[in-house]
Amino acid sequence: MAAKKKQAEPGVALAVVAHPDDAEFQIAGTLCMLKRAGWSTHYWNLSTGNCGSLEMKPRQTAKTRRQEAKDAAQILGASWHPPIANDLEIIYDVKTLRKVASVIRAIRPTIVLTHSPQDYMEDHMNTCRLAVTGAFTHGMPNFKVTPERAPYYNEVTVYHCMPHGLMDGLRKRVVPGQFVNTSDVHETKLASLAAHKSQQNWLGSSQKMNSYLQTCDDMSRELGRQSRKYKHAEGFRRHSHLGFCSETADPLKDALGKDCLINKDYEKSLRKG
């Protein structure tokens, strides 16, 4: 009889996103699943979300959205971390990178979940770049971070969630490399998104979402349909291992087992070049 594969020891997962409510659309279900598997989970939006209102001034908007993000993180059972920038001011520069790398060193994640490199807005893509480079520097003592923190030398695996609308900025469809079954935690995911009450009018007016909860549900069902296995799902593409971890490292799959499905067609497409 073949030996049963030993399940990975629970680790630390960090979601790094641009705005309050970004994690809820594409990552929250996976955070819940990892939490259920015994992992420590962390929730971090880099921006205050200060531009996300038609009714409130920037300062009040940021204050409101800060509390909404805290409430959402509590619903998800994740540790909340404060933002470091404003909307449309998430810039890929050394000053910001030092701050991002410092938080990563403080949390010491095994898994970093972040935006797709291709998305519909710059805040998402710049956050992705900052998260990737910040994770890359986690074991570099000569890269100074702000505030200063010691490096750590565990493996880190980076996963990119699906872009909003499941397509890139040029309307090209983006296909996941793996699917996470979020069916059992879907109501918790929606509850965390519903905590962002201020966003109903804003998203309806600015991005034509008649209901942000319905939009989230629709994307979740579509990814479930693409998996051909789950009712609700979130999708990810695993970043290159080079400079981060061993070639075969896939702690998300190891942690979630049957609730994480590898897209074999996607893996084959990588080998075609």
# chains A, B, ... in the order shown; residues from 1 in each chain; ligands from 1
call {"tool": "closest_atom_pairs", "arguments": {"of": "range 28-130 of chain A", "to": "range 254-263 of chain A", "cutoff": "12 Å", "atoms": "only C-alpha atoms", "output": "Markdown table"}}
result
| residue | atom | partner | partner_atom | distance |
| --- | --- | --- | --- | --- |
| A:Gly29 | CA | A:Asp259 | CA | 11.4 |
| A:Thr30 | CA | A:Leu256 | CA | 9.2 |
| A:Leu31 | CA | A:Leu256 | CA | 11.0 |
| A:Cys32 | CA | A:Leu256 | CA | 10.9 |
| A:Met33 | CA | A:Leu256 | CA | 7.3 |
| A:Leu34 | CA | A:Ala255 | CA | 7.1 |
| A:Lys35 | CA | A:Ala255 | CA | 10.1 |
| A:Arg36 | CA | A:Leu256 | CA | 9.3 |
| A:Ala37 | CA | A:Ala255 | CA | 6.7 |
| A:Gly38 | CA | A:Ala255 | CA | 9.0 |
| A:Trp39 | CA | A:Ala255 | CA | 8.6 |
| A:Thr110 | CA | A:Ala255 | CA | 11.2 |
| A:Ile111 | CA | A:Ala255 | CA | 10.6 |
call {"tool": "write_last_selection", "arguments": {"atoms": "N, CA and C atoms", "output": "CSV table (one decimal), in the first residue's frame"}}
result
chain,number,residue,atom,x,y,z
A,29,GLY,N,-12.2,33.7,0.8
A,29,GLY,CA,-12.6,32.3,1.0
A,29,GLY,C,-11.4,31.4,1.2
A,30,THR,N,-10.3,31.7,0.6
A,30,THR,CA,-9.1,30.9,0.8
A,30,THR,C,-8.5,31.2,2.1
A,31,LEU,N,-8.6,32.4,2.6
A,31,LEU,CA,-8.1,32.7,4.0
A,31,LEU,C,-9.0,31.9,5.0
A,32,CYS,N,-10.3,31.8,4.7
A,32,CYS,CA,-11.1,31.0,5.6
A,32,CYS,C,-10.7,29.5,5.6
A,33,MET,N,-10.5,29.0,4.4
A,33,MET,CA,-10.1,27.6,4.3
A,33,MET,C,-8.8,27.3,5.0
A,34,LEU,N,-7.8,28.2,4.9
A,34,LEU,CA,-6.5,28.1,5.5
A,34,LEU,C,-6.7,28.2,7.1
A,35,LYS,N,-7.6,29.1,7.5
A,35,LYS,CA,-7.8,29.2,8.9
A,35,LYS,C,-8.4,27.9,9.5
A,36,ARG,N,-9.3,27.3,8.8
A,36,ARG,CA,-9.9,26.1,9.2
A,36,ARG,C,-8.8,25.0,9.2
A,37,ALA,N,-7.8,25.1,8.4
A,37,ALA,CA,-6.8,24.1,8.4
A,37,ALA,C,-5.7,24.3,9.4
A,38,GLY,N,-5.9,25.3,10.3
A,38,GLY,CA,-5.0,25.6,11.4
A,38,GLY,C,-4.0,26.7,11.1
A,39,TRP,N,-4.1,27.4,10.0
A,39,TRP,CA,-3.1,28.4,9.7
A,39,TRP,C,-3.4,29.7,10.4
A,110,THR,N,4.4,32.0,5.2
A,110,THR,CA,4.8,30.9,4.3
A,110,THR,C,4.1,31.1,2.9
A,111,ILE,N,2.9,31.7,3.0
A,111,ILE,CA,2.1,31.9,1.8
A,111,ILE,C,1.8,33.4,1.7
call {"tool": "closest_residue", "arguments": {"among": "A:Arg108, A:Lys197, A:Arg225, A:Lys264", "to": "Thr157 in chain A", "atoms": "only C-alpha atoms"}}
result
A:Arg108
call {"tool": "atom_distance", "arguments": {"atom1": "CA of Met167 in chain A", "atom2": "CA of Asp123 in chain A"}}
result
16.0 Å
call {"tool": "select_by_dssp", "arguments": {"residues": "range 66-265 of chain A", "states": "strand (DSSP E or B)", "output": "ChimeraX atom specification"}}
result
/A:79-81,85,111-114,157-161,167,173,178-181,233-238,260-262
call {"tool": "write_last_selection", "arguments": {"atoms": "N, CA and C atoms", "output": "compact mmCIF listing (two decimals), in the first residue's frame"}}
result
# COMPACT_ATOMS: atom_id res chain seq x y z
N SER A 79 -5.86 38.43 11.22
CA SER A 79 -5.25 39.60 11.86
C SER A 79 -5.20 40.75 10.86
N TRP A 80 -5.67 41.91 11.27
CA TRP A 80 -5.72 43.10 10.40
C TRP A 80 -4.45 43.92 10.57
N HIS A 81 -3.97 44.49 9.46
CA HIS A 81 -2.78 45.35 9.50
C HIS A 81 -3.11 46.68 8.83
N ALA A 85 -0.77 53.82 2.53
CA ALA A 85 -0.86 54.74 1.39
C ALA A 85 -2.32 55.13 1.18
N ILE A 111 2.90 31.66 2.96
CA ILE A 111 2.13 31.93 1.75
C ILE A 111 1.83 33.42 1.68
N VAL A 112 2.05 34.03 0.51
CA VAL A 112 1.61 35.40 0.24
C VAL A 112 0.59 35.33 -0.89
N LEU A 113 -0.60 35.84 -0.62
CA LEU A 113 -1.68 35.91 -1.60
C LEU A 113 -1.83 37.36 -2.02
N THR A 114 -1.75 37.64 -3.31
CA THR A 114 -1.83 39.02 -3.75
C THR A 114 -2.51 39.11 -5.11
N THR A 157 5.98 31.11 -0.68
CA THR A 157 5.36 30.87 -1.98
C THR A 157 4.32 31.95 -2.23
N VAL A 158 4.40 32.58 -3.39
CA VAL A 158 3.50 33.67 -3.75
C VAL A 158 2.44 33.15 -4.73
N TYR A 159 1.19 33.50 -4.46
CA TYR A 159 0.08 33.14 -5.33
C TYR A 159 -0.65 34.41 -5.76
N HIS A 160 -1.00 34.46 -7.04
CA HIS A 160 -1.73 35.60 -7.58
C HIS A 160 -3.20 35.22 -7.76
N CYS A 161 -4.09 36.02 -7.17
CA CYS A 161 -5.51 35.75 -7.34
C CYS A 161 -5.97 36.20 -8.72
N MET A 167 -10.33 38.94 -16.14
CA MET A 167 -9.63 39.28 -17.39
C MET A 167 -8.61 40.36 -17.10
N ARG A 173 -9.00 36.94 -21.32
CA ARG A 173 -9.41 36.04 -20.24
C ARG A 173 -8.18 35.50 -19.50
N GLN A 178 -4.85 26.99 -10.32
CA GLN A 178 -5.45 26.10 -9.35
C GLN A 178 -6.70 26.76 -8.77
N PHE A 179 -7.62 25.91 -8.34
CA PHE A 179 -8.89 26.36 -7.79
C PHE A 179 -8.97 25.95 -6.32
N VAL A 180 -9.45 26.87 -5.49
CA VAL A 180 -9.71 26.55 -4.08
C VAL A 180 -11.21 26.46 -3.88
N ASN A 181 -11.66 25.36 -3.32
CA ASN A 181 -13.07 25.15 -3.04
C ASN A 181 -13.51 26.02 -1.87
N ALA A 233 -15.69 28.81 -5.99
CA ALA A 233 -14.23 28.68 -5.96
C ALA A 233 -13.55 30.03 -6.08
N GLU A 234 -12.30 30.05 -5.65
CA GLU A 234 -11.37 31.15 -5.95
C GLU A 234 -10.23 30.57 -6.75
N GLY A 235 -9.63 31.38 -7.61
CA GLY A 235 -8.58 30.89 -8.48
C GLY A 235 -7.27 31.60 -8.25
N PHE A 236 -6.17 30.87 -8.43
CA PHE A 236 -4.83 31.44 -8.23
C PHE A 236 -3.87 30.94 -9.29
N ARG A 237 -2.84 31.74 -9.52
CA ARG A 237 -1.69 31.30 -10.31
C ARG A 237 -0.46 31.40 -9.42
N ARG A 238 0.31 30.33 -9.37
CA ARG A 238 1.48 30.27 -8.50
C ARG A 238 2.67 30.94 -9.16
N CYS A 260 -8.25 21.89 -2.99
CA CYS A 260 -7.42 22.68 -3.90
C CYS A 260 -7.12 21.83 -5.13
N LEU A 261 -7.66 22.26 -6.26
CA LEU A 261 -7.58 21.49 -7.49
C LEU A 261 -6.60 22.14 -8.46
N ILE A 262 -5.59 21.38 -8.90
CA ILE A 262 -4.63 21.88 -9.88
C ILE A 262 -5.27 21.83 -11.27
call {"tool": "residues_around", "arguments": {"residues": "Gly243 in chain A", "least_positions_apart": "5", "cutoff": "10 Å", "atoms": "only C-alpha atoms", "output": "list in words"}}
result
Ala135, Phe136, Thr137, Gly139, Glu155, Val156 and Thr157 of chain A
call {"tool": "write_last_selection", "arguments": {"atoms": "N, CA and C atoms", "output": "compact mmCIF listing (two decimals), in the first residue's frame"}}
result
# COMPACT_ATOMS: atom_id res chain seq x y z
N ALA A 135 8.35 40.06 -0.66
CA ALA A 135 8.56 38.65 -0.30
C ALA A 135 9.94 38.18 -0.74
N PHE A 136 10.37 38.64 -1.90
CA PHE A 136 11.68 38.24 -2.44
C PHE A 136 12.81 38.66 -1.50
N THR A 137 12.64 39.81 -0.83
CA THR A 137 13.71 40.34 0.03
C THR A 137 13.66 39.80 1.46
N GLY A 139 14.69 37.33 3.01
CA GLY A 139 15.91 36.76 3.56
C GLY A 139 17.17 37.54 3.21
N GLU A 155 10.93 29.26 3.47
CA GLU A 155 10.44 29.38 2.11
C GLU A 155 9.17 30.22 2.09
N VAL A 156 9.00 30.98 1.02
CA VAL A 156 7.78 31.76 0.82
C VAL A 156 7.26 31.45 -0.59
N THR A 157 5.98 31.11 -0.68
CA THR A 157 5.36 30.87 -1.98
C THR A 157 4.32 31.95 -2.23
call {"tool": "residues_around", "arguments": {"residues": "Ala72 in chain A", "least_positions_apart": "2", "cutoff": "10 Å", "atoms": "only C-alpha atoms", "output": "MDAnalysis selection string"}}
result
chainID A and resid 20:21 23:24 28 43 66:70 74:78 80 188:196
call {"tool": "atom_distance", "arguments": {"atom1": "CA of Asp87 in chain A", "atom2": "CA of Met125 in chain A"}}
result
12.9 Å
call {"tool": "atom_distance", "arguments": {"atom1": "CA of Pro58 in chain A", "atom2": "CA of Ala18 in chain A"}}
result
16.6 Å
